[in-house]
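What follows is the content of upload_30.cif, which has mmCIF, C-alpha atoms:
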```cif
data_work
#
loop_
_atom_site.group_PDB
_atom_site.id
_atom_site.type_symbol
_atom_site.label_atom_id
_atom_site.label_comp_id
_atom_site.auth_asym_id
_atom_site.auth_seq_id
_atom_site.Cartn_x
_atom_site.Cartn_y
_atom_site.Cartn_z
ATOM 1 C CA ASP A 446 0.000 0.000 0.000
ATOM 2 C CA THR A 447 1.868 3.005 -1.256
ATOM 3 C CA GLY A 448 -0.582 5.821 -0.754
ATOM 4 C CA VAL A 449 -4.094 7.170 -0.922
ATOM 5 C CA SER A 450 -5.881 5.994 -4.047
ATOM 6 C CA GLN A 451 -8.772 7.799 -5.735
ATOM 7 C CA ASP A 452 -10.998 6.620 -8.527
ATOM 8 C CA PRO A 453 -11.764 7.786 -11.143
ATOM 9 C CA ARG A 454 -9.006 10.289 -11.884
ATOM 10 C CA HIS A 455 -11.234 12.210 -14.274
ATOM 11 C CA LYS A 456 -14.990 12.419 -14.674
ATOM 12 C CA ILE A 457 -17.013 14.357 -17.215
ATOM 13 C CA THR A 458 -20.724 14.428 -16.606
ATOM 14 C CA LYS A 459 -23.763 16.274 -17.836
ATOM 15 C CA ARG A 460 -25.480 18.752 -15.587
ATOM 16 C CA GLY A 461 -28.161 17.071 -13.507
ATOM 17 C CA GLN A 462 -26.482 13.655 -13.390
ATOM 18 C CA ASN A 463 -25.277 11.982 -10.215
ATOM 19 C CA VAL A 464 -21.622 11.076 -9.730
ATOM 20 C CA THR A 465 -19.795 8.987 -7.153
ATOM 21 C CA PHE A 466 -16.104 9.044 -6.303
ATOM 22 C CA ARG A 467 -14.140 6.502 -4.334
ATOM 23 C CA CYS A 468 -11.198 6.930 -1.977
ATOM 24 C CA ASP A 469 -9.039 4.140 -0.561
ATOM 25 C CA PRO A 470 -6.935 5.510 2.299
ATOM 26 C CA ILE A 471 -3.604 4.241 3.482
ATOM 27 C CA SER A 472 -4.110 1.027 5.433
ATOM 28 C CA GLU A 473 -4.672 1.508 9.154
ATOM 29 C CA HIS A 474 -5.305 5.226 8.796
ATOM 30 C CA ASN A 475 -8.457 5.768 10.797
ATOM 31 C CA ARG A 476 -8.932 9.397 9.765
ATOM 32 C CA LEU A 477 -10.208 10.339 6.310
ATOM 33 C CA TYR A 478 -10.919 13.756 4.807
ATOM 34 C CA TRP A 479 -12.562 15.019 1.638
ATOM 35 C CA TYR A 480 -11.588 18.371 0.149
ATOM 36 C CA ARG A 481 -12.563 20.296 -2.955
ATOM 37 C CA GLN A 482 -10.134 22.482 -4.876
ATOM 38 C CA THR A 483 -10.907 24.937 -7.654
ATOM 39 C CA LEU A 484 -8.348 26.484 -9.954
ATOM 40 C CA GLY A 485 -6.015 28.917 -8.245
ATOM 41 C CA GLN A 486 -7.344 28.218 -4.764
ATOM 42 C CA GLY A 487 -6.295 26.140 -1.812
ATOM 43 C CA PRO A 488 -8.269 23.024 -0.902
ATOM 44 C CA GLU A 489 -11.602 23.586 0.833
ATOM 45 C CA PHE A 490 -12.667 21.164 3.568
ATOM 46 C CA LEU A 491 -15.793 19.131 2.859
ATOM 47 C CA THR A 492 -16.041 16.413 5.480
ATOM 48 C CA TYR A 493 -14.130 14.253 7.950
ATOM 49 C CA PHE A 494 -14.445 10.624 9.080
ATOM 50 C CA GLN A 495 -12.921 8.903 12.056
ATOM 51 C CA ASN A 496 -13.281 5.235 11.287
ATOM 52 C CA GLU A 497 -16.856 4.903 9.992
ATOM 53 C CA ALA A 498 -18.212 7.926 11.853
ATOM 54 C CA GLN A 499 -18.688 11.192 9.975
ATOM 55 C CA LEU A 500 -17.674 13.677 12.642
ATOM 56 C CA GLU A 501 -17.636 16.937 10.764
ATOM 57 C CA LYS A 502 -19.241 18.312 7.640
ATOM 58 C CA SER A 503 -18.615 21.724 6.150
ATOM 59 C CA ARG A 504 -21.468 24.199 6.389
ATOM 60 C CA LEU A 505 -20.698 25.007 2.765
ATOM 61 C CA LEU A 506 -21.667 21.493 1.717
ATOM 62 C CA SER A 507 -25.125 21.426 0.201
ATOM 63 C CA ASP A 508 -27.614 18.611 0.663
ATOM 64 C CA ARG A 509 -26.673 17.342 -2.795
ATOM 65 C CA PHE A 510 -23.381 16.082 -1.364
ATOM 66 C CA SER A 511 -23.149 12.948 0.728
ATOM 67 C CA ALA A 512 -20.224 10.871 1.903
ATOM 68 C CA GLU A 513 -19.941 7.464 3.475
ATOM 69 C CA ARG A 514 -17.275 5.266 4.970
ATOM 70 C CA PRO A 515 -19.266 2.134 5.725
ATOM 71 C CA LYS A 516 -16.623 -0.107 7.242
ATOM 72 C CA GLY A 517 -14.056 2.434 8.243
ATOM 73 C CA SER A 518 -11.909 1.641 5.229
ATOM 74 C CA PHE A 519 -12.719 3.111 1.797
ATOM 75 C CA SER A 520 -15.003 6.107 1.410
ATOM 76 C CA THR A 521 -17.370 7.361 -1.275
ATOM 77 C CA LEU A 522 -18.439 10.894 -2.087
ATOM 78 C CA GLU A 523 -21.653 11.297 -4.065
ATOM 79 C CA ILE A 524 -22.890 14.445 -5.727
ATOM 80 C CA GLN A 525 -26.521 14.418 -6.822
ATOM 81 C CA ARG A 526 -27.980 16.594 -9.570
ATOM 82 C CA THR A 527 -24.603 18.024 -10.497
ATOM 83 C CA GLU A 528 -24.278 21.698 -11.375
ATOM 84 C CA GLN A 529 -21.572 23.486 -13.345
ATOM 85 C CA GLY A 530 -20.329 25.042 -10.118
ATOM 86 C CA ASP A 531 -19.454 21.562 -8.871
ATOM 87 C CA SER A 532 -16.629 21.360 -11.406
ATOM 88 C CA ALA A 533 -13.458 21.055 -9.350
ATOM 89 C CA MET A 534 -10.771 18.678 -8.144
ATOM 90 C CA TYR A 535 -12.020 16.456 -5.338
ATOM 91 C CA LEU A 536 -9.239 15.405 -3.002
ATOM 92 C CA CYS A 537 -9.161 12.688 -0.395
ATOM 93 C CA ALA A 538 -6.646 12.528 2.424
ATOM 94 C CA SER A 539 -5.988 10.127 5.270
ATOM 95 C CA SER A 540 -3.961 10.262 8.442
ATOM 96 C CA PRO A 541 -3.126 7.934 11.306
ATOM 97 C CA TRP A 542 -3.467 10.767 13.790
ATOM 98 C CA SER A 543 -4.766 14.270 13.718
ATOM 99 C CA SER A 544 -1.735 16.133 12.583
ATOM 100 C CA PHE A 545 -0.298 14.913 9.287
ATOM 101 C CA ALA A 546 -2.402 14.263 6.203
ATOM 102 C CA PHE A 547 -1.497 12.249 3.103
ATOM 103 C CA PHE A 548 -3.372 13.141 -0.071
ATOM 104 C CA GLY A 549 -4.509 11.139 -3.059
ATOM 105 C CA GLN A 550 -4.079 12.389 -6.616
ATOM 106 C CA GLY A 551 -7.644 13.618 -6.755
ATOM 107 C CA THR A 552 -10.638 13.210 -9.030
ATOM 108 C CA ARG A 553 -11.146 16.013 -11.495
ATOM 109 C CA LEU A 554 -14.845 16.590 -12.156
ATOM 110 C CA THR A 555 -16.082 18.530 -15.150
ATOM 111 C CA VAL A 556 -19.809 19.247 -15.386
ATOM 112 C CA VAL A 557 -20.940 20.208 -18.885
ATOM 113 C CA GLY B 55 -12.591 31.626 12.231
ATOM 114 C CA ILE B 56 -8.888 31.540 11.634
ATOM 115 C CA GLN B 57 -7.580 33.138 8.439
ATOM 116 C CA VAL B 58 -4.424 32.092 6.614
ATOM 117 C CA GLU B 59 -2.589 34.396 4.235
ATOM 118 C CA GLN B 60 0.419 33.511 2.130
ATOM 119 C CA SER B 61 2.964 35.668 0.401
ATOM 120 C CA PRO B 62 4.156 36.229 -2.199
ATOM 121 C CA PRO B 63 1.411 34.870 -4.474
ATOM 122 C CA ASP B 64 3.913 34.216 -7.257
ATOM 123 C CA LEU B 65 7.663 33.747 -7.302
ATOM 124 C CA ILE B 66 9.937 33.156 -10.285
ATOM 125 C CA LEU B 67 13.553 32.209 -9.639
ATOM 126 C CA GLN B 68 16.568 30.822 -11.420
ATOM 127 C CA GLU B 69 17.744 27.344 -10.568
ATOM 128 C CA GLY B 70 20.144 27.489 -7.638
ATOM 129 C CA ALA B 71 18.516 30.469 -5.944
ATOM 130 C CA ASN B 72 17.176 30.476 -2.400
ATOM 131 C CA SER B 73 13.632 31.482 -1.489
ATOM 132 C CA THR B 74 11.493 32.276 1.541
ATOM 133 C CA LEU B 75 7.742 31.778 1.575
ATOM 134 C CA ARG B 76 5.605 33.279 4.302
ATOM 135 C CA CYS B 77 2.373 32.210 5.977
ATOM 136 C CA ASN B 78 0.514 34.530 8.369
ATOM 137 C CA PHE B 79 -2.354 33.278 10.508
ATOM 138 C CA SER B 80 -4.876 35.342 12.416
ATOM 139 C CA ASP B 81 -5.203 33.305 15.619
ATOM 140 C CA SER B 82 -3.308 30.802 17.709
ATOM 141 C CA VAL B 83 -2.892 27.416 16.071
ATOM 142 C CA ASN B 84 -2.294 23.905 17.293
ATOM 143 C CA ASN B 85 -1.715 22.488 13.837
ATOM 144 C CA LEU B 86 0.200 24.052 10.976
ATOM 145 C CA GLN B 87 1.362 22.209 7.888
ATOM 146 C CA TRP B 88 3.196 23.037 4.694
ATOM 147 C CA PHE B 89 2.354 21.237 1.448
ATOM 148 C CA HIS B 90 3.727 21.211 -2.067
ATOM 149 C CA GLN B 91 1.351 20.683 -4.978
ATOM 150 C CA ASN B 92 3.262 19.608 -8.050
ATOM 151 C CA PRO B 93 2.246 20.600 -11.591
ATOM 152 C CA TRP B 94 0.237 17.354 -11.872
ATOM 153 C CA GLY B 95 -1.882 18.271 -8.858
ATOM 154 C CA GLN B 96 -0.438 15.877 -6.277
ATOM 155 C CA LEU B 97 -0.278 17.349 -2.788
ATOM 156 C CA ILE B 98 2.743 16.286 -0.757
ATOM 157 C CA ASN B 99 3.095 17.103 2.907
ATOM 158 C CA LEU B 100 6.362 18.827 3.716
ATOM 159 C CA PHE B 101 6.209 19.768 7.374
ATOM 160 C CA TYR B 102 3.958 19.552 10.383
ATOM 161 C CA ILE B 103 5.200 22.551 12.358
ATOM 162 C CA PRO B 104 2.853 24.307 14.815
ATOM 163 C CA SER B 105 5.952 25.790 16.452
ATOM 164 C CA GLY B 106 9.726 25.655 16.236
ATOM 165 C CA THR B 107 12.055 24.801 13.385
ATOM 166 C CA LYS B 108 12.450 21.697 11.246
ATOM 167 C CA GLN B 109 14.712 20.818 8.360
ATOM 168 C CA ASN B 110 14.458 18.216 5.634
ATOM 169 C CA GLY B 111 17.247 18.348 3.078
ATOM 170 C CA ARG B 112 17.126 21.624 1.183
ATOM 171 C CA LEU B 113 13.851 22.605 2.839
ATOM 172 C CA SER B 114 13.357 24.007 6.270
ATOM 173 C CA ALA B 115 10.474 25.654 8.103
ATOM 174 C CA THR B 116 10.117 27.883 11.113
ATOM 175 C CA THR B 117 6.926 28.783 12.944
ATOM 176 C CA VAL B 118 6.871 31.631 15.454
ATOM 177 C CA ALA B 119 3.555 30.906 17.083
ATOM 178 C CA THR B 120 3.590 33.970 19.356
ATOM 179 C CA GLU B 121 3.888 36.230 16.316
ATOM 180 C CA ARG B 122 1.510 34.151 14.189
ATOM 181 C CA TYR B 123 3.637 33.381 11.187
ATOM 182 C CA SER B 124 5.512 30.547 9.581
ATOM 183 C CA LEU B 125 8.295 30.590 6.994
ATOM 184 C CA LEU B 126 9.305 27.966 4.470
ATOM 185 C CA TYR B 127 12.856 28.144 3.189
ATOM 186 C CA ILE B 128 13.989 26.488 -0.019
ATOM 187 C CA SER B 129 17.712 26.509 -0.681
ATOM 188 C CA SER B 130 19.525 25.779 -3.940
ATOM 189 C CA SER B 131 16.231 25.581 -5.860
ATOM 190 C CA GLN B 132 15.770 22.920 -8.513
ATOM 191 C CA THR B 133 13.267 22.853 -11.365
ATOM 192 C CA THR B 134 11.449 20.030 -9.573
ATOM 193 C CA ASP B 135 10.653 22.467 -6.757
ATOM 194 C CA SER B 136 8.216 24.229 -9.077
ATOM 195 C CA GLY B 137 4.575 24.105 -8.113
ATOM 196 C CA VAL B 138 2.310 25.664 -5.531
ATOM 197 C CA TYR B 139 3.210 25.741 -1.849
ATOM 198 C CA PHE B 140 0.323 25.796 0.601
ATOM 199 C CA CYS B 141 0.189 26.539 4.277
ATOM 200 C CA ALA B 142 -2.747 25.109 6.258
ATOM 201 C CA ALA B 143 -3.645 25.635 9.898
ATOM 202 C CA LYS B 144 -6.267 25.013 12.524
ATOM 203 C CA ASN B 145 -7.083 25.555 16.150
ATOM 204 C CA ASP B 146 -9.485 23.628 18.320
ATOM 205 C CA ARG B 147 -11.638 26.696 18.911
ATOM 206 C CA ASP B 148 -12.979 26.611 15.368
ATOM 207 C CA SER B 149 -12.798 22.951 14.560
ATOM 208 C CA ASN B 150 -11.247 19.740 15.751
ATOM 209 C CA TYR B 151 -10.572 18.542 12.237
ATOM 210 C CA GLN B 152 -10.861 21.262 9.617
ATOM 211 C CA LEU B 153 -7.630 22.697 8.254
ATOM 212 C CA ILE B 154 -7.898 26.226 6.860
ATOM 213 C CA TRP B 155 -5.740 26.697 3.780
ATOM 214 C CA GLY B 156 -4.002 29.718 2.356
ATOM 215 C CA ALA B 157 -4.272 30.573 -1.327
ATOM 216 C CA GLY B 158 -0.750 29.319 -1.963
ATOM 217 C CA THR B 159 2.503 30.620 -3.403
ATOM 218 C CA LYS B 160 3.120 29.602 -7.000
ATOM 219 C CA LEU B 161 6.833 28.963 -7.469
ATOM 220 C CA ILE B 162 8.458 28.660 -10.872
ATOM 221 C CA ILE B 163 12.107 27.630 -11.037
ATOM 222 C CA LYS B 164 13.721 28.352 -14.380
ATOM 223 C CA PRO B 165 16.649 26.229 -15.596
#
```

Produce structure tokens that represent the structure in this file.
Amino acid sequence: DTGVSQDPRHKITKRGQNVTFRCDPISEHNRLYWYRQTLGQGPEFLTYFQNEAQLEKSRLLSDRFSAERPKGSFSTLEIQRTEQGDSAMYLCASSPWSSFAFFGQGTRLTVV
Amino acid sequence: GIQVEQSPPDLILQEGANSTLRCNFSDSVNNLQWFHQNPWGQLINLFYIPSGTKQNGRLSATTVATERYSLLYISSSQTTDSGVYFCAAKNDRDSNYQLIWGAGTKLIIKP
């Protein structure tokens, strides 16, 4: 296990469609984070899991976004009824403790 | 909530030059990290440094928590150092888990 893995790397979807992204964290990392990054900006926090529990969710996250981590291992992020403003890089990170995060390569979403 | 500001926004240097990147934060922090995002988008953690000084090869970082700033030093720059450098911080007052990120410093190293 060499790092955080995200799938797919790229996704193009039509406005109004649902999309789901997957993140496989580094083994034994109990903490998992989702971030969103738009061009020219730093990552923006979306949500945080400790094991299977979703402990924090950004107030900026609309009801169209949902995330799960059913067995405390991999996680999925679903966006329903996508909008053009959802186009961004979606980043997943994991850490064994609270202080040092390791990032995946991201999923780039384009909504047309 | 805490605010994180980075400077300069852009920096262009010749290979071999040294550089200093700055991160200012508006409140006390218990977590501060530096990251490098390469031109392919991969974020790599460089330092976890809520206070003090650390060094890793040609890179070093210093955080002066009482004065609310952190510095990242890159010596003898190489073209592979190009990319965007982010500072991210948090304190427990605002969130137990949410890092607040600066807008980054875009570094270009010319051969």

Item to complete: Determine the residue membership of the PyMOL selection byres ((chain B and resi 88-92) around 6) for the file above and supply it as a list in words.
Response: Gln87, Pro93, Trp94, Gly95, Gln96, Leu97, Ile98, Asn99, Leu100, Phe101, Gly137, Val138, Tyr139, Phe140 and Cys141 of chain B

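For segment 66-76 of chain B, the list of residues within 9 Å, based on only C-alpha atoms and with local chain neighbours fewer than 5 positions off taken out, reads Glu59, Gln60, Ser61, Tyr123, Ser124, Leu125, Leu126, Tyr127, Ile128, Ser129, Ser130, Ser131, Gln132, Thr133, Tyr139, Cys141, Thr159, Lys160, Leu161, Ile162, Ile163, Lys164 and Pro165 of chain B.
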
Kindly export the residues of the current selection with C-alpha atoms, as a PDB file, keeping the file's coordinate frame.
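Final file, selection.pdb:
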```pdb
ATOM      1  CA  GLU B  59      -2.589  34.396   4.235  1.00  0.00           C
ATOM      2  CA  GLN B  60       0.419  33.511   2.130  1.00  0.00           C
ATOM      3  CA  SER B  61       2.964  35.668   0.401  1.00  0.00           C
ATOM      4  CA  TYR B 123       3.637  33.381  11.187  1.00  0.00           C
ATOM      5  CA  SER B 124       5.512  30.547   9.581  1.00  0.00           C
ATOM      6  CA  LEU B 125       8.295  30.590   6.994  1.00  0.00           C
ATOM      7  CA  LEU B 126       9.305  27.966   4.470  1.00  0.00           C
ATOM      8  CA  TYR B 127      12.856  28.144   3.189  1.00  0.00           C
ATOM      9  CA  ILE B 128      13.989  26.488  -0.019  1.00  0.00           C
ATOM     10  CA  SER B 129      17.712  26.509  -0.681  1.00  0.00           C
ATOM     11  CA  SER B 130      19.525  25.779  -3.940  1.00  0.00           C
ATOM     12  CA  SER B 131      16.231  25.581  -5.860  1.00  0.00           C
ATOM     13  CA  GLN B 132      15.770  22.920  -8.513  1.00  0.00           C
ATOM     14  CA  THR B 133      13.267  22.853 -11.365  1.00  0.00           C
ATOM     15  CA  TYR B 139       3.210  25.741  -1.849  1.00  0.00           C
ATOM     16  CA  CYS B 141       0.189  26.539   4.277  1.00  0.00           C
ATOM     17  CA  THR B 159       2.503  30.620  -3.403  1.00  0.00           C
ATOM     18  CA  LYS B 160       3.120  29.602  -7.000  1.00  0.00           C
ATOM     19  CA  LEU B 161       6.833  28.963  -7.469  1.00  0.00           C
ATOM     20  CA  ILE B 162       8.458  28.660 -10.872  1.00  0.00           C
ATOM     21  CA  ILE B 163      12.107  27.630 -11.037  1.00  0.00           C
ATOM     22  CA  LYS B 164      13.721  28.352 -14.380  1.00  0.00           C
ATOM     23  CA  PRO B 165      16.649  26.229 -15.596  1.00  0.00           C
TER      24      PRO B 165
END
```

If you take only C-alpha atoms and a cut-off of 8 Å, which residues of chain A touch chain B, and what are their nearest atom pairs and distances in Å to one decimal, in chain and number order, as CSV?
```
residue,atom,partner,partner_atom,distance
A:Gly485,CA,B:Ala157,CA,7.3
A:Gln486,CA,B:Ala157,CA,5.2
A:Gly487,CA,B:Ala157,CA,4.9
A:Pro488,CA,B:Trp155,CA,6.5
A:Glu489,CA,B:Trp155,CA,7.3
A:Phe490,CA,B:Gln152,CA,6.3
A:Tyr493,CA,B:Tyr151,CA,7.0
A:Glu501,CA,B:Tyr151,CA,7.4
A:Ser543,CA,B:Tyr151,CA,7.4
A:Ser544,CA,B:Asn85,CA,6.5
A:Phe545,CA,B:Tyr102,CA,6.4
A:Ala546,CA,B:Asn99,CA,7.0
A:Phe547,CA,B:Asn99,CA,6.7
A:Phe548,CA,B:Leu97,CA,5.9
A:Gly549,CA,B:Gln96,CA,7.0
A:Gln550,CA,B:Gln96,CA,5.1
A:Gly551,CA,B:Gln96,CA,7.6
```

Report, as JSON, the centre and edge lengths in Å (one decimal) of the axis-aligned box enclosing every listed atom of segment 501-506 of chain A, padded by 6 Å on each side.
```
{"center_x": -19.7, "center_y": 21.0, "center_z": 6.2, "size_x": 16.0, "size_y": 20.1, "size_z": 21.0}
```

Discussion item. Report as a PyMOL selection string all protein, DNA and RNA residues lying within 6 Å of Trp479 of chain A, evaluated on only C-alpha atoms, omitting residues in the same chain fewer than 4 positions from it.
Written reply: chain A and resi 491-492+536-537

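Relative to atom CA of Gln499 of chain A, atom CA of Asp469 of chain A is found at 15.9 Å.
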
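Atom pair atom CA of Asn145 of chain B / atom CA of Asn78 of chain B has a distance of 14.1 Å (rounded to one decimal).
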
Take the point (-4.6, 33.6, 12.5) in the file's coordinates, draw a sphere of radius 8 Å around it, and report as a PDB file with C-alpha atoms, in the coordinates of the input every protein, DNA or RNA residue with an atom inside or on it, counting all atoms listed in the file.
```pdb
ATOM      1  CA  ILE B  56      -8.888  31.540  11.634  1.00  0.00           C
ATOM      2  CA  GLN B  57      -7.580  33.138   8.439  1.00  0.00           C
ATOM      3  CA  VAL B  58      -4.424  32.092   6.614  1.00  0.00           C
ATOM      4  CA  ASN B  78       0.514  34.530   8.369  1.00  0.00           C
ATOM      5  CA  PHE B  79      -2.354  33.278  10.508  1.00  0.00           C
ATOM      6  CA  SER B  80      -4.876  35.342  12.416  1.00  0.00           C
ATOM      7  CA  ASP B  81      -5.203  33.305  15.619  1.00  0.00           C
ATOM      8  CA  SER B  82      -3.308  30.802  17.709  1.00  0.00           C
ATOM      9  CA  VAL B  83      -2.892  27.416  16.071  1.00  0.00           C
ATOM     10  CA  ARG B 122       1.510  34.151  14.189  1.00  0.00           C
TER      11      ARG B 122
END
```

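The space between atom CA of Arg454 of chain A and atom CA of Lys516 of chain A spans 23.1 Å.
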
Kindly extract all protein, DNA and RNA residues lying within 10 Å of the coordinates (-16.6, 4.7, 2.3) given in the file, considering only C-alpha atoms, and supply them as a PDB file with C-alpha atoms, in the frame of the given file.
```pdb
ATOM      1  CA  PHE A 466     -16.104   9.044  -6.303  1.00  0.00           C
ATOM      2  CA  ARG A 467     -14.140   6.502  -4.334  1.00  0.00           C
ATOM      3  CA  CYS A 468     -11.198   6.930  -1.977  1.00  0.00           C
ATOM      4  CA  ASP A 469      -9.039   4.140  -0.561  1.00  0.00           C
ATOM      5  CA  PRO A 470      -6.935   5.510   2.299  1.00  0.00           C
ATOM      6  CA  LEU A 477     -10.208  10.339   6.310  1.00  0.00           C
ATOM      7  CA  PHE A 494     -14.445  10.624   9.080  1.00  0.00           C
ATOM      8  CA  ASN A 496     -13.281   5.235  11.287  1.00  0.00           C
ATOM      9  CA  GLU A 497     -16.856   4.903   9.992  1.00  0.00           C
ATOM     10  CA  ALA A 512     -20.224  10.871   1.903  1.00  0.00           C
ATOM     11  CA  GLU A 513     -19.941   7.464   3.475  1.00  0.00           C
ATOM     12  CA  ARG A 514     -17.275   5.266   4.970  1.00  0.00           C
ATOM     13  CA  PRO A 515     -19.266   2.134   5.725  1.00  0.00           C
ATOM     14  CA  LYS A 516     -16.623  -0.107   7.242  1.00  0.00           C
ATOM     15  CA  GLY A 517     -14.056   2.434   8.243  1.00  0.00           C
ATOM     16  CA  SER A 518     -11.909   1.641   5.229  1.00  0.00           C
ATOM     17  CA  PHE A 519     -12.719   3.111   1.797  1.00  0.00           C
ATOM     18  CA  SER A 520     -15.003   6.107   1.410  1.00  0.00           C
ATOM     19  CA  THR A 521     -17.370   7.361  -1.275  1.00  0.00           C
ATOM     20  CA  LEU A 522     -18.439  10.894  -2.087  1.00  0.00           C
TER      21      LEU A 522
END
```

Here's the selection I'm unsure about, the PyMOL selection byres ((chain A and resi 553) around 6); applied to the file above, which residues does it give, as a compact mmCIF listing (two decimals) with C-alpha atoms, keeping the file's coordinate frame?
```txt
# COMPACT_ATOMS: atom_id res chain seq x y z
CA HIS A 455 -11.23 12.21 -14.27
CA ALA A 533 -13.46 21.06 -9.35
CA MET A 534 -10.77 18.68 -8.14
CA THR A 552 -10.64 13.21 -9.03
CA LEU A 554 -14.84 16.59 -12.16
```

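Distance annotation: of B:Arg147, B:Pro62, B:Gly106, B:Asp135, the residue with the minimal separation from Thr120 of chain B is B:Gly106; atom set is only C-alpha atoms.
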
Worksheet entry | Ground truth for the PyMOL selection byres ((chain A and resi 447) around 10), written as a PyMOL selection string | chain A and resi 446+448-450+470-472
